[in-house]
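Structure file start_39.cif (mmCIF, C-alpha atoms and all ligand atoms) is printed below.
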```
data_target
#
loop_
_atom_site.label_atom_id
_atom_site.label_comp_id
_atom_site.auth_asym_id
_atom_site.auth_seq_id
_atom_site.Cartn_x
_atom_site.Cartn_y
_atom_site.Cartn_z
CA MET A 3 66.43 -127.38 59.44
CA ILE A 4 67.59 -124.16 57.81
CA GLY A 5 69.72 -122.13 60.21
CA ASN A 6 69.04 -118.73 58.75
CA ILE A 7 65.66 -118.01 60.32
CA ILE A 8 65.01 -114.48 61.48
CA VAL A 9 62.01 -114.21 63.78
CA LYS A 10 60.57 -110.75 64.37
CA SER A 11 58.07 -109.90 67.07
CA ASN A 12 55.24 -108.89 64.73
CA TYR A 13 54.18 -108.36 61.11
CA GLU A 14 55.41 -104.77 60.99
CA GLU A 15 58.89 -105.65 62.20
CA MET A 16 59.04 -108.60 59.84
CA SER A 17 58.07 -106.32 56.94
CA HIS A 18 60.61 -103.64 57.88
CA TYR A 19 63.38 -106.20 58.13
CA ALA A 20 62.46 -107.71 54.75
CA ALA A 21 62.43 -104.24 53.18
CA SER A 22 65.87 -103.53 54.66
CA VAL A 23 67.24 -106.66 52.95
CA VAL A 24 65.81 -105.53 49.59
CA ALA A 25 67.06 -101.97 50.09
CA GLY A 26 70.52 -103.25 51.03
CA ILE A 27 70.74 -105.22 47.81
CA ILE A 28 69.56 -102.24 45.72
CA ARG A 29 72.14 -99.97 47.38
CA LEU A 30 74.87 -102.53 46.80
CA LYS A 31 73.82 -103.19 43.20
CA PRO A 32 71.54 -100.47 41.79
CA ASP A 33 70.88 -102.54 38.64
CA CYS A 34 69.91 -105.67 40.57
CA VAL A 35 67.21 -108.13 39.53
CA LEU A 36 64.47 -108.92 42.06
CA GLY A 37 61.94 -111.76 42.03
CA LEU A 38 58.68 -110.57 43.59
CA PRO A 39 55.62 -112.22 45.16
CA THR A 40 52.06 -110.97 45.48
CA GLY A 41 49.67 -111.93 48.28
CA SER A 42 48.91 -110.46 51.69
CA THR A 43 52.29 -111.24 53.28
CA PRO A 44 54.56 -108.87 51.27
CA ILE A 45 52.22 -105.83 51.44
CA GLY A 46 53.96 -104.43 54.55
CA MET A 47 57.37 -104.89 52.91
CA TYR A 48 56.18 -103.02 49.80
CA LYS A 49 54.79 -100.21 52.01
CA GLU A 50 58.15 -99.85 53.76
CA LEU A 51 60.03 -99.86 50.44
CA ILE A 52 57.70 -97.10 49.19
CA ARG A 53 58.48 -95.11 52.35
CA MET A 54 62.20 -95.63 51.79
CA HIS A 55 61.80 -94.42 48.21
CA GLN A 56 59.83 -91.34 49.24
CA THR A 57 61.78 -90.30 52.31
CA GLU A 58 65.25 -91.81 51.89
CA GLY A 59 65.61 -91.63 48.10
CA LEU A 60 65.84 -95.39 47.59
CA ASP A 61 66.05 -95.52 43.80
CA PHE A 62 64.45 -98.27 41.75
CA SER A 63 65.25 -96.80 38.33
CA GLY A 64 68.01 -99.32 37.61
CA VAL A 65 66.16 -102.30 39.08
CA THR A 66 64.49 -105.07 37.07
CA THR A 67 61.73 -107.18 38.63
CA PHE A 68 60.17 -110.52 37.72
CA ASN A 69 56.93 -111.52 39.39
CA LEU A 70 56.45 -115.12 40.37
CA ASP A 71 53.06 -115.69 38.83
CA GLU A 72 49.86 -114.50 37.18
CA TYR A 73 46.38 -115.96 36.83
CA VAL A 74 45.51 -117.49 33.48
CA GLY A 75 43.14 -115.12 31.68
CA LEU A 76 44.26 -112.04 33.59
CA GLY A 77 46.95 -109.44 33.05
CA LEU A 78 47.53 -105.73 32.65
CA ASP A 79 49.39 -103.41 30.31
CA LEU A 80 51.35 -101.27 32.78
CA ASN A 81 51.33 -98.43 30.23
CA LYS A 82 47.50 -98.39 30.38
CA PRO A 83 46.72 -99.64 33.89
CA TYR A 84 43.02 -98.71 33.82
CA THR A 85 41.10 -101.96 33.61
CA LYS A 86 39.79 -103.19 36.94
CA ASP A 87 40.53 -106.86 37.47
CA GLN A 88 42.10 -109.07 40.09
CA SER A 89 45.27 -109.73 38.13
CA TYR A 90 48.54 -109.89 39.98
CA ALA A 91 49.81 -107.23 37.59
CA ARG A 92 47.12 -104.88 38.91
CA PHE A 93 48.00 -105.84 42.49
CA MET A 94 51.67 -104.98 41.84
CA TRP A 95 50.73 -101.73 40.13
CA GLU A 96 48.51 -100.60 43.01
CA GLU A 97 50.60 -101.85 45.93
CA PHE A 98 54.07 -101.06 44.68
CA PHE A 99 55.02 -100.16 41.11
CA ARG A 100 53.07 -96.90 40.77
CA HIS A 101 54.64 -95.52 43.96
CA VAL A 102 58.33 -96.04 43.14
CA SER A 103 60.82 -95.15 40.40
CA LEU A 104 60.87 -98.63 38.81
CA ARG A 105 60.63 -98.34 35.01
CA LYS A 106 57.51 -100.01 33.61
CA GLU A 107 59.52 -101.80 30.96
CA ASN A 108 61.68 -103.33 33.71
CA ALA A 109 58.69 -104.69 35.67
CA LEU A 110 58.03 -108.13 34.21
CA ILE A 111 55.04 -110.33 34.98
CA PRO A 112 53.93 -113.39 33.02
CA ASP A 113 51.01 -112.42 30.79
CA GLY A 114 48.10 -114.70 31.74
CA ARG A 115 46.17 -113.39 28.70
CA ALA A 116 48.73 -114.65 26.18
CA LYS A 117 47.13 -116.71 23.40
CA ASP A 118 50.02 -119.15 23.45
CA LEU A 119 50.80 -119.70 27.12
CA VAL A 120 53.56 -122.24 26.47
CA LYS A 121 55.37 -119.66 24.34
CA GLU A 122 54.81 -117.03 27.03
CA CYS A 123 56.39 -119.34 29.65
CA HIS A 124 59.46 -119.90 27.46
CA TYR A 125 59.69 -116.18 26.76
CA TYR A 126 59.55 -115.42 30.51
CA GLU A 127 62.37 -117.85 31.23
CA SER A 128 64.45 -116.30 28.45
CA ARG A 129 63.88 -112.79 29.84
CA ILE A 130 65.15 -113.91 33.26
CA LYS A 131 68.27 -115.36 31.62
CA GLN A 132 68.74 -112.23 29.50
CA ALA A 133 68.61 -110.12 32.68
CA GLY A 134 71.48 -112.18 34.11
CA GLY A 135 69.33 -114.17 36.54
CA ILE A 136 67.62 -113.10 39.75
CA ASP A 137 69.75 -111.63 42.54
CA LEU A 138 67.11 -111.88 45.26
CA GLN A 139 63.94 -113.95 44.96
CA ILE A 140 61.32 -113.09 47.57
CA LEU A 141 58.71 -115.75 48.33
CA GLY A 142 55.56 -116.18 50.38
CA ILE A 143 54.29 -119.62 51.32
CA GLY A 144 50.81 -121.11 50.85
CA THR A 145 49.08 -123.01 53.65
CA ASP A 146 49.65 -126.15 51.53
CA GLY A 147 53.37 -125.40 51.17
CA HIS A 148 53.28 -123.89 47.69
CA ILE A 149 55.89 -121.36 46.60
CA GLY A 150 54.97 -119.25 43.62
CA PHE A 151 52.05 -121.31 42.37
CA ASN A 152 54.01 -124.52 42.50
CA GLU A 153 51.40 -126.63 44.20
CA PRO A 154 52.10 -129.87 46.11
CA SER A 155 53.57 -132.54 43.78
CA SER A 156 55.14 -129.94 41.47
CA PRO A 157 58.43 -131.40 40.26
CA PHE A 158 61.48 -129.82 41.87
CA SER A 159 62.86 -129.60 38.31
CA SER A 160 59.87 -127.57 37.05
CA ARG A 161 60.30 -124.38 35.05
CA THR A 162 57.84 -121.59 34.25
CA ARG A 163 54.57 -123.21 33.18
CA VAL A 164 50.80 -123.29 33.58
CA GLU A 165 49.76 -124.88 36.86
CA ASP A 166 46.30 -126.02 38.07
CA LEU A 167 45.59 -124.45 41.44
CA HIS A 168 44.56 -126.71 44.29
CA ALA A 169 41.19 -126.33 46.02
CA GLN A 170 42.85 -124.94 49.19
CA THR A 171 44.71 -122.27 47.21
CA ILE A 172 41.55 -121.27 45.34
CA ALA A 173 39.69 -121.05 48.67
CA ASP A 174 42.50 -118.95 50.26
CA ASN A 175 42.59 -116.61 47.24
CA TYR A 176 38.81 -116.22 47.34
CA GLU A 177 38.76 -115.29 51.04
CA LYS A 178 41.69 -112.87 50.87
CA PHE A 179 41.27 -111.11 47.55
CA PHE A 180 38.19 -112.00 45.52
CA LYS A 181 35.51 -111.95 48.23
CA PRO A 182 36.53 -108.51 49.59
CA ALA A 183 36.35 -107.16 46.01
CA GLY A 184 32.81 -108.52 45.56
CA PHE A 185 33.61 -111.50 43.30
CA ALA A 186 31.82 -114.84 43.51
CA LYS A 187 33.67 -118.03 44.42
CA GLY A 188 33.29 -119.34 40.87
CA GLN A 189 35.14 -116.31 39.50
CA VAL A 190 38.46 -117.20 41.15
CA PRO A 191 40.82 -118.40 38.39
CA LYS A 192 41.70 -122.07 38.63
CA ARG A 193 44.96 -121.92 36.71
CA ALA A 194 48.03 -119.73 36.90
CA VAL A 195 51.31 -119.21 35.08
CA SER A 196 54.08 -119.68 37.62
CA MET A 197 57.84 -119.66 37.67
CA GLY A 198 58.92 -123.25 38.28
CA ILE A 199 60.69 -124.52 41.38
CA ALA A 200 63.97 -124.91 39.47
CA THR A 201 63.57 -121.35 38.16
CA VAL A 202 63.12 -120.04 41.71
CA LEU A 203 66.09 -122.02 43.00
CA GLU A 204 68.43 -120.48 40.43
CA ALA A 205 68.18 -117.12 42.20
CA LYS A 206 71.42 -116.09 43.90
CA GLN A 207 69.60 -115.39 47.18
CA ILE A 208 66.12 -116.34 48.36
CA MET A 209 64.08 -114.74 51.14
CA LEU A 210 60.86 -116.44 52.25
CA LEU A 211 58.37 -114.43 54.28
CA ALA A 212 55.72 -115.99 56.51
CA SER A 213 53.33 -114.28 58.86
CA GLY A 214 50.47 -115.28 61.13
CA GLN A 215 49.21 -118.32 63.01
CA GLU A 216 47.73 -119.88 59.85
CA LYS A 217 51.29 -120.36 58.53
CA SER A 218 52.82 -121.89 61.69
CA ASP A 219 52.10 -125.51 60.71
CA VAL A 220 53.33 -125.20 57.15
CA VAL A 221 56.47 -123.30 58.20
CA PHE A 222 57.24 -126.08 60.66
CA LYS A 223 56.61 -128.88 58.15
CA ALA A 224 58.39 -127.20 55.23
CA LEU A 225 61.51 -126.23 57.14
CA SER A 226 61.99 -129.16 59.46
CA GLY A 227 60.05 -132.00 57.85
CA PRO A 228 61.11 -134.33 55.04
CA ILE A 229 62.15 -132.81 51.72
CA MET A 230 59.50 -133.94 49.27
CA GLU A 231 57.60 -132.70 46.24
CA GLU A 232 54.32 -132.94 48.20
CA MET A 233 55.69 -130.03 50.26
CA PRO A 234 57.21 -127.70 47.65
CA ALA A 235 58.80 -125.25 50.12
CA SER A 236 60.74 -128.11 51.73
CA VAL A 237 63.15 -127.97 48.77
CA LEU A 238 64.58 -124.79 50.29
CA GLN A 239 66.27 -126.97 52.93
CA LEU A 240 68.68 -128.12 50.23
CA PHE A 241 70.16 -124.62 49.88
CA PRO A 242 70.76 -123.32 53.42
CA GLU A 243 73.61 -121.11 52.20
CA LYS A 244 71.36 -118.88 50.14
CA ILE A 245 68.02 -119.05 51.95
CA ARG A 246 66.84 -116.53 54.51
CA ILE A 247 63.50 -117.17 56.24
CA VAL A 248 61.90 -114.10 57.80
CA THR A 249 58.81 -114.61 59.94
CA ASP A 250 56.81 -113.04 62.70
CA GLN A 251 56.53 -114.70 66.07
CA THR A 252 53.24 -116.49 65.38
CA ALA A 253 54.32 -118.04 62.07
CA ALA A 254 57.45 -119.41 63.77
CA SER A 255 55.65 -120.54 66.91
CA ARG A 256 56.03 -124.26 66.14
CA MET A 257 59.68 -123.86 65.08
CA VAL A 258 61.43 -121.86 67.75
CA LYS A 259 60.91 -120.38 71.15
CA TYR A 260 60.82 -116.62 70.66
CA THR A 261 63.48 -114.85 72.70
CA GLU A 262 63.98 -111.25 71.48
C1 LIG B 1 51.91 -115.11 45.05
C2 LIG B 1 52.58 -116.37 45.37
C3 LIG B 1 52.02 -117.27 46.42
C4 LIG B 1 51.84 -116.57 47.77
C5 LIG B 1 51.22 -117.52 48.78
C6 LIG B 1 50.98 -116.87 50.11
O1 LIG B 1 52.64 -114.42 44.07
O2 LIG B 1 53.56 -116.67 44.78
O3 LIG B 1 52.89 -118.36 46.57
O4 LIG B 1 53.07 -116.13 48.22
O5 LIG B 1 50.00 -118.00 48.28
O6 LIG B 1 50.01 -115.89 49.98
P1 LIG B 1 49.68 -114.89 51.16
O7 LIG B 1 50.86 -114.00 51.33
O8 LIG B 1 48.47 -114.12 50.68
O9 LIG B 1 49.41 -115.71 52.37
#
```
Spell out the structure here as structure tokens.
Ligand code: F6R
Amino acid sequence: MIGNIIVKSNYEEMSHYAASVVAGIIRLKPDCVLGLPTGSTPIGMYKELIRMHQTEGLDFSGVTTFNLDEYVGLGLDLNKPYTKDQSYARFMWEEFFRHVSLRKENALIPDGRAKDLVKECHYYESRIKQAGGIDLQILGIGTDGHIGFNEPSSPFSSRTRVEDLHAQTIADNYEKFFKPAGFAKGQVPKRAVSMGIATVLEAKQIMLLASGQEKSDVVFKALSGPIMEEMPASVLQLFPEKIRIVTDQTAASRMVKYTE
């Protein structure tokens, strides 16, 4: 099991702690490179980072970011962020980028609309290398154990590529994001461009966030079960020295007895 598990009493405290880790890295290295997730889990962390920017002067102008993934067929030009779609680029723009001093040209997201997706994946990998690698990669975790959109059975050696989403992931995405926005089930994209597991693991530090009862089983299995490609997040157990797991009490309920 990974020793570095920080369990906070609730979602808000988990989010504030996660934001303090990000802010600490930015203060230490103003030109740092961050790997960012979308999804419901990091929203509170982004909110707190926005607050830190607005009230404490946390400066993102030297920071470069790489998002983990984007749906195939979707994307957004951050210089003209007007189209309404469910792209992860739009999510990042609304929830984070437009509120902080991050330069648009330093906010990188795979372009799911690229005509040649294989070329786009290679380009994305080369941009990460060009930036000197990722200092802190932040991850969520899917109920099936995916990290990024590396679904169960993704090779641990995988790099940025197009991945078919599993039925459970499509269902989760529909419930959380597409249904509330009035989309039909059939409109949820079935493929995504995702950083690979090997790409993620090259980051100098990794912080995985998990919140809520629905994640308690997968957190338990991924962090204390066998390390196998059927459970992508289990690979994190191989790198205890650079992994930090931050959860709320409910997500950790099968792992530890909460004491704070
Ligand atoms: C999204 C991503 C996914 C999510 C995961 C959890 O960029 O990489 O792996 O982190 O699906 O999603 P939420 O936070 O909505 O439960």
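Rounded to one decimal, atom CA of A:Ser11 and atom CA of A:Thr252 lie 8.3 Å from each other.
Nearest to ligand LIG 1 (chain B) of all the residues A:Leu76, A:Cys34, A:Ile52, A:Val195 is A:Val195, based on all atoms listed in the file.
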Legend entry - 8 Å shell around ligand LIG 1 (chain B) using all atoms listed in the file, listed as an MDAnalysis selection string: chainID A and resid 38:44 69:72 90 141:145 148:152 171 174:175 178 196 212:213 217
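A cut-off of 7 Å from the point (55.9, -129.4, 52.7), with all atoms listed in the file, picks out the residues Gly147, Val220, Lys223, Ala224, Met230, Glu232, Met233, Pro234, Ala235 and Ser236 of chain A.
Polymer residues near (65.9, -114.7, 45.5): counting only C-alpha atoms with a cut-off of 8 Å, they are A:Leu36, A:Gly37, A:Ile136, A:Asp137, A:Leu138, A:Gln139, A:Ile140, A:Leu141, A:Val202, A:Leu203, A:Ala205, A:Lys206, A:Gln207, A:Ile208, A:Met209.
The smallest atom-to-atom distance between A:Phe180 and any of A:Gln88, A:Ser22, A:Gln215, A:Gln56, using only C-alpha atoms, is found for A:Gln88.
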Legend entry - Coordinates-based distance that separates atom CA of A:Gly114 from atom CA of A:Lys192 (Å, one decimal): 11.9 Å
Legend entry - Near-A:Arg129 list (12 Å; all atoms listed in the file; drop same-chain fewer than 6 positions) as a PyMOL selection string: chain A and resi 35+66-69+107-112+122-123+135-136+162+201
Using all atoms listed in the file, determine which residues lie at most 8 Å from A:Gln251, disregarding the query and same-chain residues fewer than 6 positions distant; provide the list as an mmCIF file with C-alpha atoms, in the frame of the given file.
```
data_model
loop_
_atom_site.group_PDB
_atom_site.id
_atom_site.type_symbol
_atom_site.label_atom_id
_atom_site.label_comp_id
_atom_site.auth_asym_id
_atom_site.auth_seq_id
_atom_site.Cartn_x
_atom_site.Cartn_y
_atom_site.Cartn_z
ATOM 1 C CA VAL A 9 62.010 -114.210 63.780
ATOM 2 C CA LYS A 10 60.570 -110.750 64.370
ATOM 3 C CA SER A 11 58.070 -109.900 67.070
ATOM 4 C CA ASN A 12 55.240 -108.890 64.730
ATOM 5 C CA SER A 213 53.330 -114.280 58.860
ATOM 6 C CA GLY A 214 50.470 -115.280 61.130
ATOM 7 C CA TYR A 260 60.820 -116.620 70.660
#
```
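The spacing separating atom CA of A:Ala20 from atom CA of A:Met54 amounts to 12.4 Å.
Excluding A:Ala21 and any residue on its chain fewer than 2 positions from it, the residues at most 9 Å away by all atoms listed in the file are Met16, Ser17, His18, Tyr19, Val23, Val24, Ala25, Gly26, Gly46, Met47, Tyr48, Lys49, Glu50, Leu51 and Met54 of chain A.
Counting all atoms listed in the file and comparing A:Ser63, A:Ser155, A:Ser160, A:Gln239, the residue that lies closest to A:Arg105 is A:Ser63.
Of the residues under consideration (A:Asp113, A:Val102, A:Leu238, A:Arg53), A:Asp113 shows the shortest atom-to-atom contact distance to A:Tyr125 when counting only C-alpha atoms.
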Starting from the sparse input, extend stretch 51-65 of chain A to N, CA, C and O atoms and give the output as a compact mmCIF listing (two decimals), in the frame of the given file.
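And here is the file that came out, result12.txt:
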```txt
# COMPACT_ATOMS: atom_id res chain seq x y z
N LEU A 51 59.16 -100.22 51.56
CA LEU A 51 60.03 -99.86 50.44
C LEU A 51 59.56 -98.54 49.80
O LEU A 51 60.39 -97.72 49.39
N ILE A 52 58.25 -98.36 49.74
CA ILE A 52 57.70 -97.10 49.19
C ILE A 52 58.14 -95.94 50.10
O ILE A 52 58.59 -94.90 49.63
N ARG A 53 58.04 -96.16 51.41
CA ARG A 53 58.48 -95.11 52.35
C ARG A 53 59.96 -94.80 52.16
O ARG A 53 60.36 -93.64 52.12
N MET A 54 60.76 -95.84 51.99
CA MET A 54 62.20 -95.63 51.79
C MET A 54 62.46 -94.87 50.50
O MET A 54 63.37 -94.04 50.42
N HIS A 55 61.66 -95.14 49.47
CA HIS A 55 61.80 -94.42 48.21
C HIS A 55 61.45 -92.94 48.41
O HIS A 55 62.19 -92.05 47.99
N GLN A 56 60.32 -92.71 49.11
CA GLN A 56 59.83 -91.34 49.24
C GLN A 56 60.62 -90.50 50.22
O GLN A 56 60.80 -89.31 50.02
N THR A 57 61.13 -91.12 51.29
CA THR A 57 61.78 -90.30 52.31
C THR A 57 63.30 -90.49 52.37
O THR A 57 63.99 -89.66 52.92
N GLU A 58 63.80 -91.58 51.81
CA GLU A 58 65.25 -91.81 51.89
C GLU A 58 65.88 -91.85 50.51
O GLU A 58 67.07 -92.14 50.36
N GLY A 59 65.08 -91.66 49.48
CA GLY A 59 65.61 -91.63 48.10
C GLY A 59 66.03 -92.98 47.56
O GLY A 59 66.83 -93.05 46.62
N LEU A 60 65.51 -94.07 48.13
CA LEU A 60 65.84 -95.39 47.59
C LEU A 60 65.38 -95.43 46.13
O LEU A 60 64.20 -95.22 45.83
N ASP A 61 66.32 -95.69 45.24
CA ASP A 61 66.05 -95.52 43.80
C ASP A 61 65.88 -96.87 43.10
O ASP A 61 66.77 -97.72 43.15
N PHE A 62 64.75 -97.02 42.45
CA PHE A 62 64.45 -98.27 41.75
C PHE A 62 64.69 -98.16 40.24
O PHE A 62 64.37 -99.09 39.51
N SER A 63 65.23 -97.03 39.79
CA SER A 63 65.25 -96.80 38.33
C SER A 63 66.19 -97.74 37.58
O SER A 63 66.04 -97.93 36.37
N GLY A 64 67.13 -98.36 38.29
CA GLY A 64 68.01 -99.32 37.61
C GLY A 64 67.60 -100.77 37.83
O GLY A 64 68.19 -101.69 37.28
N VAL A 65 66.55 -100.95 38.65
CA VAL A 65 66.16 -102.30 39.08
C VAL A 65 65.26 -102.97 38.04
O VAL A 65 64.45 -102.31 37.38
```
